[in-house]
Structures are given as structure tokens and as C-alpha cells.
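One file, target-v6.cif, is given below (mmCIF, C-alpha atoms).
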data_data
#
loop_
_atom_site.group_PDB
_atom_site.id
_atom_site.type_symbol
_atom_site.label_atom_id
_atom_site.label_comp_id
_atom_site.auth_asym_id
_atom_site.auth_seq_id
_atom_site.Cartn_x
_atom_site.Cartn_y
_atom_site.Cartn_z
ATOM 1 C CA MET J 19 1.581 25.186 2.835
ATOM 2 C CA ASN J 20 4.202 27.475 4.268
ATOM 3 C CA ILE J 21 6.886 24.852 4.499
ATOM 4 C CA LEU J 22 6.183 23.745 0.944
ATOM 5 C CA ASN J 23 6.466 27.313 -0.311
ATOM 6 C CA THR J 24 9.711 27.602 1.569
ATOM 7 C CA LEU J 25 10.958 24.415 -0.053
ATOM 8 C CA SER J 26 10.381 25.560 -3.603
ATOM 9 C CA ILE J 27 11.660 29.090 -3.005
ATOM 10 C CA LEU J 28 14.703 27.600 -1.338
ATOM 11 C CA ALA J 29 15.339 25.481 -4.384
ATOM 12 C CA ALA J 30 14.843 28.226 -6.949
ATOM 13 C CA ALA J 31 16.910 30.930 -5.248
ATOM 14 C CA PRO J 32 19.416 29.455 -2.830
ATOM 15 C CA SER J 33 20.938 32.202 -0.761
ATOM 16 C CA GLU J 34 23.998 31.826 1.431
ATOM 17 C CA ALA J 35 21.911 30.954 4.451
ATOM 18 C CA THR J 36 19.517 28.479 2.839
ATOM 19 C CA ALA J 37 21.908 26.809 0.393
ATOM 20 C CA ILE J 38 23.087 24.422 3.084
ATOM 21 C CA TRP J 39 19.616 22.879 3.432
ATOM 22 C CA LEU J 40 19.167 22.076 -0.245
ATOM 23 C CA PRO J 41 21.468 19.006 -0.256
ATOM 24 C CA VAL J 42 19.864 17.801 2.970
ATOM 25 C CA PHE J 43 16.397 17.806 1.419
ATOM 26 C CA PHE J 44 17.687 16.328 -1.840
ATOM 27 C CA TRP J 45 19.439 13.413 -0.153
ATOM 28 C CA THR J 46 16.477 12.771 2.149
ATOM 29 C CA PHE J 47 13.964 12.582 -0.694
ATOM 30 C CA ALA J 48 16.369 10.638 -2.918
ATOM 31 C CA LEU J 49 17.075 8.098 -0.159
ATOM 32 C CA VAL J 50 13.364 7.668 0.543
ATOM 33 C CA SER J 51 12.515 6.942 -3.076
ATOM 34 C CA VAL J 52 15.534 4.746 -3.833
ATOM 35 C CA LEU J 53 15.338 2.703 -0.625
ATOM 36 C CA SER J 54 11.627 2.057 -0.910
ATOM 37 C CA SER J 55 11.864 1.041 -4.550
ATOM 38 C CA LEU J 56 14.770 -1.260 -3.666
ATOM 39 C CA ALA J 57 12.605 -2.727 -0.922
ATOM 40 C CA VAL J 58 9.916 -3.525 -3.500
ATOM 41 C CA LEU J 59 12.464 -5.882 -5.075
ATOM 42 C CA VAL J 60 12.832 -7.998 -1.936
ATOM 43 C CA VAL J 61 9.466 -7.737 -0.172
ATOM 44 C CA LYS J 62 7.194 -10.702 -0.885
ATOM 45 C CA ASP J 63 3.867 -9.255 0.256
ATOM 46 C CA ILE J 64 2.104 -7.541 -2.653
ATOM 47 C CA VAL J 65 0.212 -5.091 -0.426
ATOM 48 C CA ARG J 66 3.459 -3.977 1.205
ATOM 49 C CA CYS J 67 4.902 -3.567 -2.298
ATOM 50 C CA ALA J 68 2.031 -1.234 -3.159
ATOM 51 C CA PHE J 69 2.643 0.957 -0.125
ATOM 52 C CA LEU J 70 6.411 0.988 -0.722
ATOM 53 C CA ILE J 71 5.791 2.185 -4.276
ATOM 54 C CA MET J 72 3.575 4.886 -2.800
ATOM 55 C CA SER J 73 6.407 6.015 -0.527
ATOM 56 C CA SER J 74 8.822 6.026 -3.449
ATOM 57 C CA LEU J 75 6.496 8.162 -5.561
ATOM 58 C CA SER J 76 5.953 10.565 -2.656
ATOM 59 C CA GLY J 77 9.721 11.000 -2.358
ATOM 60 C CA LEU J 78 9.764 11.857 -6.063
ATOM 61 C CA ALA J 79 7.054 14.468 -5.427
ATOM 62 C CA GLY J 80 9.372 16.069 -2.862
ATOM 63 C CA LEU J 81 12.130 16.170 -5.481
ATOM 64 C CA TYR J 82 9.738 17.897 -7.897
ATOM 65 C CA LEU J 83 9.223 20.559 -5.220
ATOM 66 C CA LEU J 84 12.983 21.034 -4.979
ATOM 67 C CA LEU J 85 13.089 21.481 -8.755
ATOM 68 C CA GLY J 86 10.586 24.320 -8.539
ATOM 69 C CA ALA J 87 7.698 22.296 -9.972
ATOM 70 C CA GLU J 88 5.152 22.622 -7.195
ATOM 71 C CA PHE J 89 2.161 22.080 -9.499
ATOM 72 C CA LEU J 90 3.638 18.765 -10.639
ATOM 73 C CA ALA J 91 4.453 17.741 -7.091
ATOM 74 C CA PHE J 92 0.835 18.037 -6.023
ATOM 75 C CA THR J 93 -0.423 16.493 -9.251
ATOM 76 C CA GLN J 94 1.913 13.592 -8.563
ATOM 77 C CA ILE J 95 0.518 13.101 -5.068
ATOM 78 C CA MET J 96 -3.112 13.429 -6.198
ATOM 79 C CA VAL J 97 -2.847 11.197 -9.263
ATOM 80 C CA TYR J 98 -0.440 8.547 -7.974
ATOM 81 C CA VAL J 99 -1.070 8.323 -4.259
ATOM 82 C CA GLY J 100 -4.752 9.181 -4.534
ATOM 83 C CA GLY J 101 -5.624 7.465 -7.799
ATOM 84 C CA ILE J 102 -3.247 4.904 -9.224
ATOM 85 C CA LEU J 103 -2.324 3.400 -5.862
ATOM 86 C CA ILE J 104 -6.006 2.869 -5.032
ATOM 87 C CA LEU J 105 -6.443 1.306 -8.482
ATOM 88 C CA ILE J 106 -3.478 -1.010 -7.830
ATOM 89 C CA LEU J 107 -4.886 -1.983 -4.417
ATOM 90 C CA PHE J 108 -8.217 -2.764 -6.101
ATOM 91 C CA GLY J 109 -6.311 -4.918 -8.565
ATOM 92 C CA VAL J 110 -4.546 -6.709 -5.717
ATOM 93 C CA MET J 111 -7.755 -7.408 -3.830
ATOM 94 C CA LEU J 112 -9.757 -8.477 -6.881
ATOM 95 C CA THR J 113 -7.080 -10.965 -7.916
ATOM 96 C CA ASN J 114 -6.580 -12.675 -4.553
ATOM 97 C CA ARG J 115 -8.025 -15.997 -3.542
ATOM 98 C CA GLU J 116 -6.579 -16.337 -0.073
ATOM 99 C CA PRO J 117 -7.048 -13.830 2.748
ATOM 100 C CA LEU J 118 -5.018 -10.776 1.938
ATOM 101 C CA LEU J 119 -2.556 -10.711 4.791
ATOM 102 C CA ILE J 120 -1.179 -14.197 4.246
ATOM 103 C CA LYS J 121 -0.969 -13.779 0.480
ATOM 104 C CA ARG J 122 2.622 -14.104 -0.603
ATOM 105 C CA MET J 123 3.835 -13.882 -4.134
ATOM 106 C CA LYS J 124 5.233 -17.079 -5.553
ATOM 107 C CA ALA J 125 8.987 -17.531 -5.543
ATOM 108 C CA THR J 126 10.640 -15.458 -8.198
ATOM 109 C CA GLY J 127 12.506 -17.103 -11.018
ATOM 110 C CA LEU J 128 14.561 -14.483 -12.791
ATOM 111 C CA VAL J 129 16.484 -12.853 -9.934
ATOM 112 C CA ALA J 130 19.970 -13.060 -11.446
ATOM 113 C CA PRO J 131 18.998 -11.821 -14.943
ATOM 114 C CA GLY J 132 16.909 -9.043 -13.412
ATOM 115 C CA VAL J 133 19.673 -7.777 -11.134
ATOM 116 C CA LEU J 134 22.196 -8.101 -13.954
ATOM 117 C CA ALA J 135 19.999 -6.166 -16.394
ATOM 118 C CA GLY J 136 19.443 -3.447 -13.808
ATOM 119 C CA LEU J 137 23.158 -3.128 -13.070
ATOM 120 C CA ILE J 138 24.118 -3.003 -16.753
ATOM 121 C CA LEU J 139 21.421 -0.439 -17.458
ATOM 122 C CA PHE J 140 22.521 1.744 -14.547
ATOM 123 C CA THR J 141 26.164 1.507 -15.588
ATOM 124 C CA ALA J 142 25.285 2.560 -19.126
ATOM 125 C CA ILE J 143 23.088 5.450 -17.988
ATOM 126 C CA GLY J 144 25.606 6.583 -15.380
ATOM 127 C CA TYR J 145 28.451 6.469 -17.899
ATOM 128 C CA SER J 146 26.565 8.543 -20.460
ATOM 129 C CA VAL J 147 25.311 11.015 -17.843
ATOM 130 C CA CYS J 148 28.803 11.565 -16.467
ATOM 131 C CA THR J 149 30.586 11.891 -19.824
ATOM 132 C CA VAL J 150 28.232 14.339 -21.529
ATOM 133 C CA ASP J 151 28.937 18.020 -20.878
ATOM 134 C CA TRP J 152 25.427 19.282 -20.071
ATOM 135 C CA LYS J 153 24.814 22.919 -20.924
ATOM 136 C CA VAL J 154 23.368 24.350 -17.734
ATOM 137 C CA THR J 155 21.406 27.554 -18.212
ATOM 138 C CA ASP J 156 22.390 30.677 -16.326
ATOM 139 C CA GLN J 157 18.786 31.897 -16.299
ATOM 140 C CA PRO J 158 16.686 29.497 -14.246
ATOM 141 C CA LEU J 159 13.078 30.318 -13.492
ATOM 142 C CA PRO J 160 12.858 32.949 -10.746
ATOM 143 C CA ALA J 161 11.615 31.829 -7.362
ATOM 144 C CA ASP J 162 8.347 33.744 -7.681
ATOM 145 C CA ALA J 163 7.669 32.449 -11.189
ATOM 146 C CA ASP J 164 4.013 31.497 -11.337
ATOM 147 C CA THR J 165 4.604 27.993 -12.697
ATOM 148 C CA PRO J 166 0.934 26.833 -12.647
ATOM 149 C CA ALA J 167 -0.061 29.857 -14.736
ATOM 150 C CA ARG J 168 2.879 29.289 -17.084
ATOM 151 C CA ILE J 169 1.916 25.626 -17.455
ATOM 152 C CA GLY J 170 -1.672 26.618 -18.219
ATOM 153 C CA ASN J 171 -0.513 29.080 -20.857
ATOM 154 C CA ALA J 172 1.787 26.495 -22.416
ATOM 155 C CA LEU J 173 -0.999 23.889 -22.485
ATOM 156 C CA MET J 174 -3.362 26.326 -24.200
ATOM 157 C CA SER J 175 -0.859 27.602 -26.766
ATOM 158 C CA ASP J 176 2.155 25.487 -27.714
ATOM 159 C CA PHE J 177 0.794 22.176 -26.480
ATOM 160 C CA ILE J 178 -2.843 22.518 -27.539
ATOM 161 C CA LEU J 179 -2.740 19.559 -29.961
ATOM 162 C CA PRO J 180 -1.175 17.083 -27.489
ATOM 163 C CA PHE J 181 -3.583 18.387 -24.852
ATOM 164 C CA GLU J 182 -6.648 17.623 -26.974
ATOM 165 C CA MET J 183 -5.237 14.267 -28.055
ATOM 166 C CA ALA J 184 -4.650 13.460 -24.388
ATOM 167 C CA SER J 185 -8.321 14.046 -23.639
ATOM 168 C CA VAL J 186 -9.351 11.717 -26.474
ATOM 169 C CA LEU J 187 -6.811 9.123 -25.293
ATOM 170 C CA LEU J 188 -8.126 9.270 -21.723
ATOM 171 C CA LEU J 189 -11.719 8.852 -22.915
ATOM 172 C CA VAL J 190 -10.841 5.885 -25.131
ATOM 173 C CA ALA J 191 -8.669 4.289 -22.447
ATOM 174 C CA LEU J 192 -11.323 4.574 -19.738
ATOM 175 C CA VAL J 193 -14.152 3.289 -21.955
ATOM 176 C CA GLY J 194 -11.872 0.477 -23.137
ATOM 177 C CA ALA J 195 -10.893 -0.385 -19.584
ATOM 178 C CA ALA J 196 -14.532 -0.506 -18.496
ATOM 179 C CA MET J 197 -15.360 -2.753 -21.473
ATOM 180 C CA ALA J 198 -12.416 -5.069 -20.884
ATOM 181 C CA ALA J 199 -13.019 -5.355 -17.147
ATOM 182 C CA ARG J 200 -16.614 -6.490 -17.566
ATOM 183 C CA ARG J 201 -17.184 -10.069 -16.578
ATOM 184 C CA GLY J 202 -16.719 -12.138 -19.701
ATOM 185 C CA GLY J 203 -14.548 -9.649 -21.528
ATOM 186 C CA ALA J 204 -15.371 -7.706 -24.681
ATOM 187 C CA GLU J 205 -17.708 -10.267 -26.240
ATOM 188 C CA GLY J 206 -19.676 -10.868 -23.041
ATOM 189 C CA MET B 29 28.094 18.242 1.206
ATOM 190 C CA MET B 30 28.552 19.291 -2.387
ATOM 191 C CA THR B 31 26.077 21.322 -4.390
ATOM 192 C CA ILE B 32 23.232 19.486 -6.013
ATOM 193 C CA GLY B 33 23.333 19.769 -9.786
ATOM 194 C CA LEU B 34 21.762 18.336 -12.891
ATOM 195 C CA THR B 35 23.987 15.253 -12.774
ATOM 196 C CA HIS B 36 22.583 14.239 -9.378
ATOM 197 C CA TYR B 37 19.028 14.259 -10.682
ATOM 198 C CA LEU B 38 19.986 12.422 -13.891
ATOM 199 C CA LEU B 39 21.827 9.710 -11.937
ATOM 200 C CA LEU B 40 18.896 9.362 -9.546
ATOM 201 C CA GLY B 41 16.527 9.056 -12.502
ATOM 202 C CA GLY B 42 18.779 6.411 -14.037
ATOM 203 C CA LEU B 43 18.950 4.499 -10.762
ATOM 204 C CA LEU B 44 15.157 4.501 -10.357
ATOM 205 C CA PHE B 45 14.776 3.444 -14.007
ATOM 206 C CA SER B 46 17.149 0.506 -13.475
ATOM 207 C CA ILE B 47 15.325 -0.545 -10.291
ATOM 208 C CA GLY B 48 12.002 -0.411 -12.125
ATOM 209 C CA MET B 49 13.492 -2.529 -14.921
ATOM 210 C CA ALA B 50 14.731 -5.079 -12.383
ATOM 211 C CA ILE B 51 11.282 -5.170 -10.717
ATOM 212 C CA ILE B 52 9.640 -5.871 -14.094
ATOM 213 C CA ILE B 53 12.034 -8.736 -14.802
ATOM 214 C CA ILE B 54 12.116 -10.271 -11.317
ATOM 215 C CA LYS B 55 8.482 -10.107 -10.204
ATOM 216 C CA ARG B 56 6.036 -12.719 -11.450
ATOM 217 C CA ASN B 57 2.890 -11.088 -10.101
ATOM 218 C CA GLY B 58 1.184 -9.041 -12.833
ATOM 219 C CA VAL B 59 0.276 -6.202 -10.481
ATOM 220 C CA ALA B 60 3.875 -5.960 -9.227
ATOM 221 C CA VAL B 61 5.066 -5.710 -12.840
ATOM 222 C CA LEU B 62 2.717 -2.742 -13.228
ATOM 223 C CA MET B 63 4.328 -1.094 -10.199
ATOM 224 C CA GLY B 64 7.739 -1.429 -11.876
ATOM 225 C CA LEU B 65 6.239 0.208 -14.957
ATOM 226 C CA GLU B 66 5.036 3.180 -12.896
ATOM 227 C CA LEU B 67 8.564 3.558 -11.555
ATOM 228 C CA LEU B 68 9.977 3.650 -15.104
ATOM 229 C CA LEU B 69 7.534 6.377 -16.130
ATOM 230 C CA ASN B 70 8.325 8.427 -13.024
ATOM 231 C CA ALA B 71 12.071 8.194 -13.569
ATOM 232 C CA ALA B 72 11.533 9.588 -17.075
ATOM 233 C CA ALA B 73 9.364 12.390 -15.703
ATOM 234 C CA LEU B 74 12.048 13.277 -13.146
ATOM 235 C CA ASN B 75 14.556 13.637 -15.980
ATOM 236 C CA PHE B 76 12.234 15.934 -17.905
ATOM 237 C CA ILE B 77 11.661 18.165 -14.873
ATOM 238 C CA ALA B 78 15.375 18.298 -14.032
ATOM 239 C CA PHE B 79 16.249 19.283 -17.603
ATOM 240 C CA SER B 80 13.450 21.848 -17.558
ATOM 241 C CA HIS B 81 14.866 23.401 -14.400
ATOM 242 C CA TYR B 82 18.570 23.261 -15.174
ATOM 243 C CA THR B 83 19.049 23.550 -18.930
ATOM 244 C CA VAL B 84 15.971 25.331 -20.276
ATOM 245 C CA GLY B 85 14.730 27.579 -17.500
ATOM 246 C CA ASP B 86 11.178 27.101 -18.741
ATOM 247 C CA VAL B 87 8.078 25.019 -17.981
ATOM 248 C CA ARG B 88 8.130 22.937 -21.185
ATOM 249 C CA GLY B 89 9.644 19.959 -19.437
ATOM 250 C CA GLN B 90 7.003 20.197 -16.730
ATOM 251 C CA VAL B 91 4.261 20.108 -19.379
ATOM 252 C CA VAL B 92 5.793 16.938 -20.830
ATOM 253 C CA ALA B 93 5.871 15.471 -17.318
ATOM 254 C CA ILE B 94 2.147 16.215 -16.985
ATOM 255 C CA PHE B 95 1.546 14.253 -20.187
ATOM 256 C CA ILE B 96 3.613 11.399 -18.740
ATOM 257 C CA ILE B 97 1.462 11.343 -15.591
ATOM 258 C CA MET B 98 -1.671 11.349 -17.766
ATOM 259 C CA LEU B 99 -0.330 8.438 -19.829
ATOM 260 C CA ALA B 100 0.491 6.548 -16.633
ATOM 261 C CA ALA B 101 -3.079 6.950 -15.406
ATOM 262 C CA ALA B 102 -4.562 5.689 -18.680
ATOM 263 C CA GLU B 103 -2.057 2.842 -18.778
ATOM 264 C CA ALA B 104 -2.845 1.774 -15.206
ATOM 265 C CA ALA B 105 -6.588 1.652 -15.912
ATOM 266 C CA VAL B 106 -6.242 -0.425 -19.092
ATOM 267 C CA ALA B 107 -3.551 -2.699 -17.668
ATOM 268 C CA LEU B 108 -5.564 -3.478 -14.545
ATOM 269 C CA ALA B 109 -8.586 -4.350 -16.692
ATOM 270 C CA ILE B 110 -6.347 -6.742 -18.638
ATOM 271 C CA VAL B 111 -4.998 -8.187 -15.368
ATOM 272 C CA LEU B 112 -8.562 -8.826 -14.182
ATOM 273 C CA ASN B 113 -9.350 -10.633 -17.441
ATOM 274 C CA ILE B 114 -6.173 -12.713 -17.140
ATOM 275 C CA PHE B 115 -7.148 -13.598 -13.589
ATOM 276 C CA GLN B 116 -10.582 -14.804 -14.657
ATOM 277 C CA HIS B 117 -9.171 -16.799 -17.541
ATOM 278 C CA PHE B 118 -6.036 -18.346 -16.050
ATOM 279 C CA LYS B 119 -7.077 -18.330 -12.346
ATOM 280 C CA GLY B 120 -3.882 -16.486 -11.474
ATOM 281 C CA ILE B 121 -1.839 -13.476 -12.481
ATOM 282 C CA GLU B 122 1.655 -14.972 -12.653
ATOM 283 C CA VAL B 123 2.857 -13.408 -15.860
ATOM 284 C CA ASP B 124 5.076 -16.312 -16.905
ATOM 285 C CA GLU B 125 2.123 -18.691 -16.950
ATOM 286 C CA VAL B 126 0.204 -16.527 -19.386
ATOM 287 C CA SER B 127 1.479 -17.794 -22.708
ATOM 288 C CA THR B 128 -1.568 -17.487 -24.984
ATOM 289 C CA LEU B 129 -3.780 -14.577 -25.938
ATOM 290 C CA ARG B 130 -6.901 -16.759 -26.293
ATOM 291 C CA ASP B 131 -7.996 -20.390 -26.153
#
Take the structure in the file and give it back as C-alpha cells.
Amino acid sequence: MNILNTLSILAAAPSEATAIWLPVFFWTFALVSVLSSLAVLVVKDIVRCAFLIMSSLSGLAGLYLLLGAEFLAFTQIMVYVGGILILILFGVMLTNREPLLIKRMKATGLVAPGVLAGLILFTAIGYSVCTVDWKVTDQPLPADADTPARIGNALMSDFILPFEMASVLLLVALVGAAMAARRGGAEG
Amino acid sequence: MMTIGLTHYLLLGGLLFSIGMAIIIIKRNGVAVLMGLELLLNAAALNFIAFSHYTVGDVRGQVVAIFIIMLAAAEAAVALAIVLNIFQHFKGIEVDEVSTLRD
């Protein structure tokens, strides 16, 4: 836990001595997530894709730490790496006919349009990001700001309606998923 | 190296969003398409957190990111149930072979 605390404090209040490490951590985490998501594009094995996505999402969790959002970083790891990835692996194994390790995805058909769409999208986003003059605040959250407590307060005051609707949505989605996944579908 | 600012995080979010988009278009396996979708949602969440840190100085953006993670969980559960149904019906999950909603 100590190193994680150090990470978020380092990000929130960079002093002269620690400021040099911030770019190092940023570029490490950014490279991890970008390279592993790029690898998903070329890797044929679906199980390897799942683990590459996991690595990409873990890199994003590190970036959340750098942004002073330690609660979100651990939520990210618990929900994605612990929950959604397991769900995806279940999906992979339930939809395979051949033994898992030799399962390859079929040849892909839309490589050129996909790469083109990605490039155009990135050019558009990059252009708009670089041309807008973002108003950066001069009062960021202090390093010892108790973000989990602040998030709890925000959820119970300003965001109470979305919070309750989220609980209803989760209930409906999980019951619906259980219904739909039954053998024979909804009418079975 | 230069200082890390808001623009770095926004560009990174845009790059991850574009990669996720390309994964959705290129992959034919339904589960792999879902992975691209998760990447899209995470790129959006990264933007929210970066804005929350750099331009607001508050936790509002982090709360929105929590809602995004919650939506992603619900979406993954429902989508995988649909993928299982597609697999039983079409004997495969190649998304370009699924052209009808029912018989």
C-alpha cells in the first residue's frame, strides 16, 4: 500500500524532487495500456486477447492513481480484472467447440476499414484536443484529500438520483441476463 | 521529459478510443467485439477523471467514472447472455453471420 500512497501523493503534489518521476510513471502506464490494446488488434487467440485487455485495463488503473483517484483505481481492478474479465473468459469457454488452446478466431474481413476508421477518429480527436484552450484549474485537490469520503458524500447528496437508478438498472440487467442466458432463451 | 498535462491524458484517451473502435470493426468474434466496447468505455472514463483532476479540482468526474464502470458491468452481463443465445442458435459467434433476430 505504501508505494500506491506514494504514487497518488506524488501525482497530487509534485515537489521538485518527485516531479521527475511523474512522467516516468505516466509513460510507463500509458505504454502498457496502448501497446496491449494494439496487440489485441493483431493477436488471433481469443484467450490471449482477454488477458491483453486485462493488462490494458490495469495500466489504466495505474493512470487513475496518478490522477489522484485511488478509489477508482482499485474499483477498476476489482470490477474489471476480478469481474468482467472472468465473465469474458466464461463467455469464451462456453462458446468454444474445439479445445481452447488451438482455438483461433476466423480470418478478419474488415481490416482496412477498421484501421482507417481508427486513424480518422484519432486524427479528429487529436485535432480538437490540441486546438481547444482548456481552462486548467489552479486549485487541484490537495494530496491528502480524502477522495473516497468525498465520493461517498457526492453519491449521497448530488448524485442520489443516478445512484438509485443505477441500483435499479443493475437489478434489471442481472435478472434479464439470467433470463436470457437460460437454455432456450426467454420463452424456454 | 516534459511535464504531463491535461492534453496528454486527453490524447491517450482518444488513442484508446480509436483502438477500441478499430477492434470493434475488425474482429468478427462476438466476445472480442465486447472487449473493444470495454476499451471505449474506459477511454471515456479516463477523460472524465482527467478533467476532474485538471479543470474542476473536485470528485464529480470520478463519480461519473464510477457510473461508467457500473454501466460496463451491467452491459457485460447482458451482452454475454446474448452471445450465449447467439451461440446456441447460430452455432457460432461470428458477428457478421448473425443477420436475423429470430427464425
Just say which residues the PyMOL selection byres ((chain B and resi 111) around 8) picks in this file, as number ranges by chain.
-> J: 109; B: 58-59, 107-110, 112-115, 121
Atom CA of J:Leu103 to atom CA of B:Leu69, distance in Å rounded to a single decimal = 14.5 Å
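Minimum atom-to-atom distances from B:Thr128, B:Gln116, B:Asn75, B:Gln90 to J:Ala199 were compared using only C-alpha atoms, and the lowest value belongs to B:Gln116.
Coordinates place atom CA of J:Ser51 at a distance of 9.7 Å from atom CA of J:Gly80.
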Evaluating the PyMOL selection byres ((chain J and resi 90) around 12) on the displayed file yields which residues, as a VMD selection string?
-> (chain J and resid 26 76 78 to 89 91 to 98 165 to 166 169) or (chain B and resid 70 73 to 74 76 to 77 87 89 to 98)
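Closest approach to chain B from the set J:Met111, J:Ile178, J:Ala167, J:Ile71 is made by J:Ile71, with distances taken over all atoms listed in the file.
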